[in-house]
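Enquirer: Handing over query18.cif, mmCIF, C-alpha atoms.
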data_input
loop_
_atom_site.label_atom_id
_atom_site.label_comp_id
_atom_site.auth_asym_id
_atom_site.auth_seq_id
_atom_site.Cartn_x
_atom_site.Cartn_y
_atom_site.Cartn_z
CA MET A 154 -48.13 -34.94 40.26
CA LEU A 155 -47.37 -33.14 36.94
CA THR A 156 -48.84 -34.48 33.79
CA ARG A 157 -46.64 -35.03 30.81
CA ALA A 158 -47.97 -31.83 29.16
CA GLY A 159 -47.38 -29.91 32.38
CA SER A 160 -43.75 -30.94 32.56
CA VAL A 161 -43.23 -29.81 28.97
CA VAL A 162 -44.62 -26.38 29.88
CA VAL A 163 -42.32 -26.10 32.89
CA PHE A 164 -39.36 -27.19 30.80
CA LEU A 165 -40.11 -24.56 28.14
CA ALA A 166 -40.59 -21.87 30.78
CA VAL A 167 -37.18 -22.61 32.28
CA LEU A 168 -35.60 -22.73 28.84
CA ALA A 169 -37.06 -19.34 27.88
CA PHE A 170 -36.33 -17.72 31.24
CA PRO A 171 -33.24 -15.74 30.11
CA PHE A 172 -35.16 -14.27 27.22
CA PHE A 173 -38.02 -13.00 29.38
CA TYR A 174 -35.65 -11.90 32.13
CA ASN A 175 -33.71 -9.76 29.65
CA LEU A 176 -36.89 -8.31 28.21
CA VAL A 177 -38.18 -7.25 31.62
CA SER A 178 -34.94 -6.05 33.22
CA THR A 179 -33.35 -4.06 30.39
CA GLY A 180 -35.70 -3.87 27.46
CA TYR A 181 -34.24 -4.17 23.99
CA SER A 182 -31.92 -1.17 24.17
CA SER A 183 -29.44 -2.69 26.60
CA SER A 184 -25.93 -1.27 26.50
CA ALA A 185 -24.68 -4.57 25.15
CA THR A 186 -26.67 -4.19 21.97
CA ALA A 187 -26.46 -0.40 21.50
CA GLN A 188 -24.57 0.91 18.49
CA PRO A 189 -21.15 2.31 19.33
CA GLN A 190 -21.24 6.08 19.76
CA LEU A 191 -18.55 7.66 17.63
CA LYS A 192 -17.15 11.09 18.28
CA ILE A 193 -16.40 12.93 15.05
CA ALA A 194 -13.79 15.49 16.06
CA LYS A 195 -13.78 17.37 12.77
CA PRO A 196 -17.17 17.18 11.05
CA GLY A 197 -17.07 17.11 7.27
CA LYS A 198 -16.21 14.26 4.95
CA CYS A 199 -14.01 11.24 5.33
CA VAL A 200 -11.36 10.42 2.75
CA GLU A 201 -13.85 8.11 1.06
CA ASP A 202 -17.58 7.61 1.27
CA THR A 203 -18.63 7.06 4.92
CA ALA A 204 -20.49 3.81 4.29
CA TRP A 205 -17.62 2.49 2.21
CA MET A 206 -15.11 3.44 4.92
CA ARG A 207 -17.14 1.69 7.59
CA LYS A 208 -16.88 -1.53 5.63
CA ASN A 209 -13.50 -1.28 3.95
CA HIS A 210 -11.10 0.91 5.94
CA MET A 211 -9.04 -2.10 7.04
CA LYS A 212 -8.52 -3.28 3.48
CA MET A 213 -7.75 0.25 2.39
CA LEU A 214 -5.09 0.68 5.08
CA ILE A 215 -3.37 -2.54 4.05
CA HIS A 216 -3.45 -1.46 0.42
CA VAL A 217 -2.02 1.97 1.26
CA ARG A 218 0.69 0.39 3.34
CA GLU A 219 1.81 -2.02 0.60
CA LYS A 220 2.01 0.93 -1.78
CA ALA A 221 3.96 3.07 0.69
CA VAL A 222 6.41 0.50 1.97
CA ARG A 223 7.02 -1.49 -1.18
CA GLU A 224 6.67 1.10 -3.92
CA GLY A 225 7.33 4.37 -2.12
CA VAL A 226 3.98 5.91 -3.04
CA ARG A 227 3.25 7.96 0.06
CA SER A 228 -0.29 9.05 0.71
CA VAL A 229 -0.89 11.77 3.25
CA ASP A 230 -4.60 11.52 3.94
CA HIS A 231 -5.23 7.81 3.28
CA SER A 232 -2.57 6.61 5.71
CA PHE A 233 -2.43 6.87 9.51
CA HIS A 234 -1.21 10.48 9.22
CA GLY A 235 -4.62 11.32 7.76
CA CYS A 236 -6.68 9.28 10.20
CA ILE A 237 -4.90 10.92 13.14
CA ASN A 238 -5.48 14.37 11.72
CA CYS A 239 -9.25 14.04 11.59
CA HIS A 240 -9.84 11.32 14.19
CA PRO A 241 -7.24 12.38 16.75
CA LYS A 242 -8.20 10.07 19.62
CA ARG A 243 -8.34 6.31 19.15
CA GLU A 244 -10.39 5.91 22.34
CA GLU A 245 -13.18 8.12 21.02
CA PHE A 246 -13.35 6.72 17.54
CA CYS A 247 -11.55 3.63 16.30
CA ASN A 248 -11.67 1.72 19.58
CA ARG A 249 -15.38 2.25 20.15
CA CYS A 250 -16.11 0.13 17.11
CA HIS A 251 -13.24 -2.24 17.60
CA ASP A 252 -14.16 -2.98 21.20
CA TYR A 253 -17.72 -3.52 20.11
CA VAL A 254 -16.82 -6.11 17.49
CA GLY A 255 -13.85 -7.43 19.44
CA VAL A 256 -11.00 -6.77 17.01
CA LYS A 257 -7.63 -5.70 18.29
CA PRO A 258 -5.50 -4.38 15.43
CA GLU A 259 -1.83 -4.81 16.33
CA CYS A 260 -0.88 -1.70 14.39
CA TRP A 261 -0.53 0.49 17.48
CA ASN A 262 2.37 -1.56 18.75
CA CYS A 263 4.48 0.32 16.26
CA HIS A 264 2.42 3.22 14.94
CA HIS A 265 1.98 6.28 17.12
CA TYR A 266 -1.71 6.97 17.65
CA ASP A 267 -2.93 8.59 20.88
CA LEU A 268 -5.45 6.67 22.90
CA MET B 93 -17.27 2.11 -41.99
CA ALA B 94 -15.07 -0.75 -43.08
CA LEU B 95 -11.30 -0.35 -42.82
CA ASP B 96 -9.13 -1.91 -45.43
CA ARG B 97 -5.70 -3.09 -44.51
CA ARG B 98 -3.95 0.04 -45.77
CA ASP B 99 -6.15 2.40 -43.71
CA PHE B 100 -5.72 0.26 -40.67
CA LEU B 101 -1.93 0.38 -40.91
CA THR B 102 -1.93 4.13 -41.56
CA ILE B 103 -4.08 4.88 -38.55
CA GLY B 104 -2.04 2.50 -36.39
CA GLY B 105 1.16 4.22 -37.46
CA LEU B 106 -0.26 7.66 -36.71
CA ILE B 107 -1.38 6.58 -33.24
CA ALA B 108 2.04 5.10 -32.50
CA ALA B 109 3.78 8.28 -33.67
CA GLY B 110 1.43 10.42 -31.59
CA THR B 111 2.08 8.37 -28.48
CA ALA B 112 5.83 8.59 -28.93
CA LEU B 113 5.71 12.36 -29.50
CA GLY B 114 3.41 12.82 -26.53
CA SER B 115 5.75 11.03 -24.16
CA VAL B 116 8.72 13.02 -25.46
CA GLY B 117 6.76 16.19 -24.85
CA SER B 118 5.78 15.19 -21.35
CA ALA B 119 9.37 14.22 -20.59
CA PHE B 120 10.44 17.75 -21.48
CA SER B 121 7.66 19.40 -19.52
CA HIS B 122 8.53 17.15 -16.57
CA THR B 123 12.14 18.28 -16.39
CA ALA B 124 11.06 21.88 -16.84
CA SER B 125 8.50 21.85 -14.03
CA GLY B 126 10.89 19.91 -11.82
CA HIS B 127 13.28 22.81 -11.88
CA GLU B 128 10.96 25.74 -11.36
CA GLY B 129 8.95 24.08 -8.57
CA HIS B 130 11.35 24.76 -5.73
CA GLU B 131 13.39 27.80 -4.78
CA ALA B 132 15.92 25.80 -2.76
CA GLU B 133 17.03 22.64 -4.54
CA PRO B 134 16.14 19.70 -2.30
CA ALA B 135 19.09 17.67 -1.10
CA VAL B 136 17.62 14.54 -2.61
CA LYS B 137 15.57 14.68 -5.77
CA ARG B 138 13.76 11.51 -6.67
CA THR B 139 12.29 10.97 -10.10
CA GLY B 140 8.49 10.87 -10.07
CA ASP B 141 6.12 10.13 -7.22
CA ARG B 142 7.33 6.62 -6.47
CA ALA B 143 10.51 4.64 -5.99
CA SER B 144 11.91 4.25 -9.48
CA SER B 145 14.85 2.50 -11.04
CA LYS B 146 15.86 5.85 -12.52
CA ASN B 147 17.48 6.52 -9.14
CA LYS B 148 20.11 4.48 -7.39
CA TRP B 149 20.81 5.81 -3.95
CA GLY B 150 24.16 5.38 -2.33
CA MET B 151 26.76 6.95 -0.12
CA VAL B 152 30.43 7.82 -0.11
CA ILE B 153 32.22 8.12 3.25
CA ASP B 154 35.64 9.74 3.55
CA ILE B 155 37.38 8.09 6.49
CA GLU B 156 40.16 10.69 6.50
CA LYS B 157 37.57 13.26 7.52
CA CYS B 158 35.68 11.05 9.99
CA GLY B 159 36.55 12.43 13.42
CA GLU B 160 37.96 10.33 16.24
CA GLY B 161 35.30 9.97 18.93
CA CYS B 162 32.67 11.90 16.93
CA ASP B 163 29.31 10.12 17.02
CA ALA B 164 27.04 12.76 15.49
CA CYS B 165 25.74 10.29 12.87
CA VAL B 166 24.94 7.61 15.43
CA ARG B 167 23.09 10.03 17.68
CA ALA B 168 21.12 11.55 14.80
CA CYS B 169 20.09 8.10 13.58
CA ARG B 170 18.90 7.00 17.00
CA LYS B 171 16.86 10.16 17.34
CA GLU B 172 15.35 10.10 13.86
CA ASN B 173 14.37 6.43 13.91
CA ASN B 174 13.54 6.11 17.63
CA VAL B 175 16.18 3.41 17.97
CA PRO B 176 16.11 2.31 21.62
CA HIS B 177 19.18 1.73 23.71
CA PHE B 178 19.66 -1.59 25.50
CA ASP B 179 22.50 -1.87 27.94
CA ASP B 180 23.47 -5.41 26.95
CA PRO B 181 25.67 -4.98 23.86
CA LYS B 182 24.59 -8.40 22.59
CA LEU B 183 20.98 -7.24 22.38
CA ASP B 184 21.49 -3.61 21.44
CA ILE B 185 19.86 -2.46 18.21
CA HIS B 186 22.17 -0.61 15.88
CA TRP B 187 21.31 0.96 12.56
CA ILE B 188 24.64 2.74 12.26
CA ARG B 189 27.70 2.25 14.44
CA LYS B 190 31.27 3.46 14.62
CA ILE B 191 33.70 0.62 14.16
CA THR B 192 37.41 0.67 14.94
CA PHE B 193 39.74 -1.15 12.60
CA LYS B 194 43.41 -1.63 11.96
CA GLN B 195 44.99 -2.45 8.62
CA LYS B 196 46.17 -6.05 8.57
CA GLY B 197 49.79 -6.82 7.70
CA VAL B 198 50.86 -3.17 7.72
CA PRO B 199 53.63 -2.60 10.28
CA GLY B 200 52.89 0.29 12.63
CA ALA B 201 49.32 0.71 11.32
CA GLU B 202 47.23 2.88 13.59
CA GLU B 203 43.68 2.26 14.69
CA ARG B 204 41.11 4.13 12.65
CA GLN B 205 37.38 4.66 12.95
CA MET B 206 34.58 4.60 10.46
CA PRO B 207 30.80 4.55 10.49
CA ALA B 208 29.13 1.42 9.15
CA MET B 209 25.49 0.76 8.42
CA CYS B 210 23.49 -1.32 5.96
CA PHE B 211 25.31 -1.06 2.64
CA HIS B 212 22.19 -1.53 0.54
CA CYS B 213 23.84 -4.11 -1.68
CA GLU B 214 23.05 -4.47 -5.33
CA HIS B 215 22.77 -8.22 -4.72
CA PRO B 216 21.49 -8.42 -1.15
CA PRO B 217 21.95 -11.89 0.35
CA CYS B 218 19.50 -10.98 3.12
CA ALA B 219 16.67 -10.51 0.63
CA HIS B 220 17.66 -13.71 -1.11
CA VAL B 221 17.18 -15.85 1.99
CA CYS B 222 14.07 -14.19 3.43
CA PRO B 223 11.33 -16.83 3.38
CA VAL B 224 8.44 -14.34 3.44
CA ALA B 225 9.82 -11.64 1.15
CA ALA B 226 9.84 -9.17 4.04
CA THR B 227 13.31 -7.99 3.08
CA PHE B 228 13.37 -6.75 -0.47
CA LYS B 229 15.18 -4.31 -2.71
CA ARG B 230 13.09 -1.35 -3.71
CA ALA B 231 13.22 -0.15 -7.31
CA ASP B 232 15.61 2.65 -6.34
CA GLY B 233 18.09 0.24 -4.77
CA ILE B 234 17.19 0.70 -1.09
CA VAL B 235 17.05 -2.59 0.77
CA LEU B 236 14.15 -2.54 3.21
CA VAL B 237 12.59 -4.70 5.86
CA ASP B 238 8.83 -4.74 5.59
CA LYS B 239 8.16 -5.05 9.30
CA HIS B 240 4.56 -5.92 8.59
CA ARG B 241 5.69 -9.17 7.03
CA CYS B 242 8.77 -10.04 9.06
CA ILE B 243 8.31 -13.20 11.11
CA GLY B 244 11.60 -12.84 12.99
CA CYS B 245 13.31 -15.97 11.70
CA ARG B 246 16.69 -14.18 11.52
CA TYR B 247 17.94 -15.95 8.39
CA CYS B 248 18.82 -12.50 7.07
CA MET B 249 21.04 -11.78 10.06
CA ILE B 250 23.04 -14.89 9.28
CA ALA B 251 23.17 -14.09 5.57
CA CYS B 252 24.37 -10.49 5.95
CA PRO B 253 28.19 -10.47 5.82
CA TYR B 254 28.36 -6.93 7.19
CA LYS B 255 26.47 -7.50 10.46
CA ALA B 256 24.09 -4.68 9.61
CA ARG B 257 21.00 -6.21 11.15
CA SER B 258 19.57 -6.36 14.66
CA PHE B 259 16.81 -8.38 16.19
CA VAL B 260 14.30 -6.70 18.49
CA SER B 261 14.67 -9.03 21.42
CA MET B 262 12.31 -7.47 23.89
CA HIS B 263 9.25 -5.29 24.19
CA VAL B 264 9.89 -1.59 23.56
CA GLU B 265 7.42 1.02 24.79
CA PRO B 266 6.99 4.14 22.64
CA LYS B 267 8.42 7.12 24.53
CA PRO B 268 7.02 10.67 24.77
CA GLY B 269 9.99 12.22 22.95
CA ASP B 270 9.73 9.90 19.95
CA ASN B 271 9.77 11.09 16.37
CA ARG B 272 6.12 10.50 15.56
CA ASP B 273 6.68 10.37 11.82
CA VAL B 274 8.49 7.06 12.16
CA PRO B 275 6.71 3.99 13.54
CA VAL B 276 8.49 2.17 16.32
CA ARG B 277 9.12 -1.55 16.64
CA MET B 278 7.70 -4.73 18.04
CA HIS B 279 9.33 -7.66 19.78
CA GLY B 280 10.28 -10.29 17.21
CA VAL B 281 11.16 -8.40 14.06
CA VAL B 282 14.52 -7.73 12.45
CA GLU B 283 15.50 -4.21 11.52
CA LYS B 284 18.34 -2.21 10.09
CA CYS B 285 19.25 1.07 8.43
CA ASN B 286 16.83 2.02 5.68
CA PHE B 287 18.69 5.12 4.43
CA CYS B 288 15.87 7.07 6.18
CA VAL B 289 13.54 6.07 3.38
CA HIS B 290 10.76 8.34 4.66
CA ARG B 291 13.12 11.30 4.33
CA ILE B 292 14.28 10.32 0.86
CA ASP B 293 10.66 10.05 -0.25
CA SER B 294 10.10 13.62 0.89
CA GLY B 295 13.30 14.99 -0.65
CA GLU B 296 15.64 15.02 2.35
CA GLU B 297 18.93 13.25 2.82
CA PRO B 298 19.39 10.64 5.57
CA ALA B 299 19.63 11.98 9.12
CA CYS B 300 23.22 10.72 9.63
CA VAL B 301 24.49 12.53 6.53
CA GLU B 302 22.76 15.75 7.52
CA SER B 303 24.18 15.69 11.05
CA CYS B 304 27.64 14.73 9.79
CA ARG B 305 27.66 17.87 7.66
CA LYS B 306 26.16 20.11 10.33
CA GLU B 307 27.71 18.82 13.56
CA GLY B 308 30.44 16.47 12.40
CA ASN B 309 33.17 16.78 9.81
CA GLY B 310 31.26 16.34 6.57
CA ALA B 311 32.66 12.90 5.92
CA MET B 312 29.44 11.42 4.55
CA VAL B 313 27.90 12.28 1.19
CA PHE B 314 24.62 10.89 -0.08
CA GLY B 315 23.31 10.91 -3.61
CA ASP B 316 22.15 9.24 -6.78
CA PHE B 317 24.65 6.98 -8.56
CA ASN B 318 22.49 7.00 -11.68
CA ASP B 319 22.99 10.75 -12.02
CA ARG B 320 26.46 11.24 -13.46
CA ALA B 321 26.53 14.83 -12.29
CA SER B 322 25.87 13.99 -8.63
CA LYS B 323 28.62 14.45 -6.08
CA VAL B 324 28.73 10.76 -5.17
CA SER B 325 29.11 9.66 -8.79
CA GLU B 326 31.90 12.13 -9.26
CA MET B 327 33.67 10.99 -6.10
CA VAL B 328 33.49 7.35 -7.11
CA ARG B 329 34.75 8.21 -10.61
CA THR B 330 37.62 10.45 -9.62
CA SER B 331 38.87 9.17 -6.28
CA ARG B 332 39.93 5.87 -4.84
CA ALA B 333 36.58 5.20 -3.24
CA ARG B 334 36.26 1.52 -2.54
CA ARG B 335 33.77 -1.00 -1.33
CA ILE B 336 34.33 -3.15 1.71
CA ARG B 337 35.00 -6.79 0.89
CA PRO B 338 34.19 -6.51 -2.84
CA ASP B 339 35.20 -10.16 -3.14
CA LEU B 340 31.91 -11.19 -1.55
CA GLY B 341 30.09 -10.05 -4.67
CA CYS B 342 27.25 -8.26 -2.91
CA ASP B 343 28.16 -4.92 -4.55
CA PRO B 344 27.47 -2.54 -1.66
CA GLN B 345 26.21 0.93 -2.54
CA VAL B 346 28.26 2.52 0.25
CA PHE B 347 31.82 3.42 -0.74
CA TYR B 348 34.72 4.38 1.50
CA MET B 349 37.58 6.73 0.72
CA GLY B 350 40.85 6.35 2.55
CA ILE B 351 40.99 2.66 3.27
#
Output the structure of this file as structure tokens.
Expert:
Amino acid sequence: MLTRAGSVVVFLAVLAFPFFYNLVSTGYSSSATAQPQLKIAKPGKCVEDTAWMRKNHMKMLIHVREKAVREGVRSVDHSFHGCINCHPKREEFCNRCHDYVGVKPECWNCHHYDL
Amino acid sequence: MALDRRDFLTIGGLIAAGTALGSVGSAFSHTASGHEGHEAEPAVKRTGDRASSKNKWGMVIDIEKCGEGCDACVRACRKENNVPHFDDPKLDIHWIRKITFKQKGVPGAEERQMPAMCFHCEHPPCAHVCPVAATFKRADGIVLVDKHRCIGCRYCMIACPYKARSFVSMHVEPKPGDNRDVPVRMHGVVEKCNFCVHRIDSGEEPACVESCRKEGNGAMVFGDFNDRASKVSEMVRTSRARRIRPDLGCDPQVFYMGI
């Protein structure tokens, strides 16, 4: 018969099983937690600071689009034309991050951008 | 240093005068550089780097010249803007179409043809009714649909007296031969002619006008109504160019000669 303390230990062991299982079977660097690997087709500089772009490119694109569509201020490098020029394949760049974080921008329904 | 009132006013006046002179100077240098920049004068010359109320784009179409059965403008528009073709005429998307009409109450009147598109009204009823401000009039008079905002309610289609608008009623796949400079469409938005706004912004005339001159009969002329020296202004001043249904009060910016 298990004592009360013994049953608590068994309960905790079962509760923590997934954690230990993961630790033993894959270690910490499982593919699910690895950083997305980006392919930079044309090394150099992005249109803005890299760290800033990582955080703010979605806001920037919306800003550029309001300017272009509503006011007719066309930007070559800060709009999709620019992104495509330097990051030609969505599959190797944009989507690697987006799949990782689970966002699905609906822009490609209308905008041409090769997978 | 303490300024007394007199000094303050003097300095203020000098600054104001300097600003005024500076802007006059830059206005002159602007016109000068505008002329030496290009060897070939662009077909469409917009003022500055953004849509501005200094321009007012519009079109004059001479129906006498418009050829029977010629559809150069329609084909060019479909190609430029990737407009898909649906077989059901009720669902088909049209930015420009050839319409056949017959003068009412004129004995023996013959059937005539003319191209019709969005007339880019001065007072667009479509923009007035849009609940999300997706349809709007740009500073230079072009009426646009911001497809990013459009929710597909179709109020604008009901409001437009000229039937210029179409609803995208099904999914459209981008095709390999598409013009990649122009985004395509999505099920559930309304669209219409935009005077090829991307071409205007880069100094070209709309695709229909270009093909009408090159392949058709040169019936369509595009230009700036704010520029008194432009061909369209002159045509509207000197000929009997007229609007369609002026009684509706929308003030279209597309004029027709010969009706």
Enquirer: Tell me which residues the PyMOL selection byres ((chain A) within 12 of (chain B)) grabs here, as number ranges by chain.
Expert: A: 215, 218-229, 232-234, 237, 259-267
Enquirer: Using the selection just defined, write its residues with C-alpha atoms as a tab-separated table (two decimals), in the frame of the given file.
Expert:
chain	number	residue	atom	x	y	z
A	215	ILE	CA	-3.37	-2.54	4.05
A	218	ARG	CA	0.69	0.39	3.34
A	219	GLU	CA	1.81	-2.02	0.60
A	220	LYS	CA	2.01	0.93	-1.78
A	221	ALA	CA	3.96	3.07	0.69
A	222	VAL	CA	6.41	0.50	1.97
A	223	ARG	CA	7.02	-1.49	-1.18
A	224	GLU	CA	6.67	1.10	-3.92
A	225	GLY	CA	7.33	4.37	-2.12
A	226	VAL	CA	3.98	5.91	-3.04
A	227	ARG	CA	3.25	7.96	0.06
A	228	SER	CA	-0.29	9.05	0.71
A	229	VAL	CA	-0.89	11.77	3.25
A	232	SER	CA	-2.57	6.61	5.71
A	233	PHE	CA	-2.43	6.87	9.51
A	234	HIS	CA	-1.21	10.48	9.22
A	237	ILE	CA	-4.90	10.92	13.14
A	259	GLU	CA	-1.83	-4.81	16.33
A	260	CYS	CA	-0.88	-1.70	14.39
A	261	TRP	CA	-0.53	0.49	17.48
A	262	ASN	CA	2.37	-1.56	18.75
A	263	CYS	CA	4.48	0.32	16.26
A	264	HIS	CA	2.42	3.22	14.94
A	265	HIS	CA	1.98	6.28	17.12
A	266	TYR	CA	-1.71	6.97	17.65
A	267	ASP	CA	-2.93	8.59	20.88
Enquirer: Closest to Pro189 in chain A among A:Met206, A:Cys239, A:Leu268, A:Cys250, using only C-alpha atoms?
Expert: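 The shortest atom-to-atom distance to Pro189 in chain A comes from A:Cys250.
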Enquirer: Can you work out the spacing between CA of Lys137 in chain B and CA of Pro207 in chain B in Å, to one decimal?
Expert: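 Spanning CA of Lys137 in chain B to CA of Pro207 in chain B is a straight-line distance of 24.5 Å.
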Enquirer: So how far away is CA of Met209 in chain B from CA of Arg189 in chain B, in Å?
Expert: 6.6 Å
Enquirer: Give me, as a PyMOL selection string, all polymer residues having an atom no more than 10 Å from range 191-200 of chain A, counting all atoms listed in the file and skipping those fewer than 4 positions away in the same chain.
Expert: chain A and resi 204-206+230-231+235-236+238-242+244-250
Enquirer: Pick out the residues sitting within 7 Å of range 311-324 of chain B, and hand them over as an MDAnalysis selection string; count only C-alpha atoms, and ignore anything fewer than 4 positions along from it in its own chain.
Expert: chainID B and resid 136 146:155 157:158 297 301 304 328
Enquirer: Rounded to one decimal in Å, what is the spacing between CA of Glu283 in chain B and CA of Arg257 in chain B?
Expert: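 CA of Arg257 in chain B lies 5.9 Å from CA of Glu283 in chain B.
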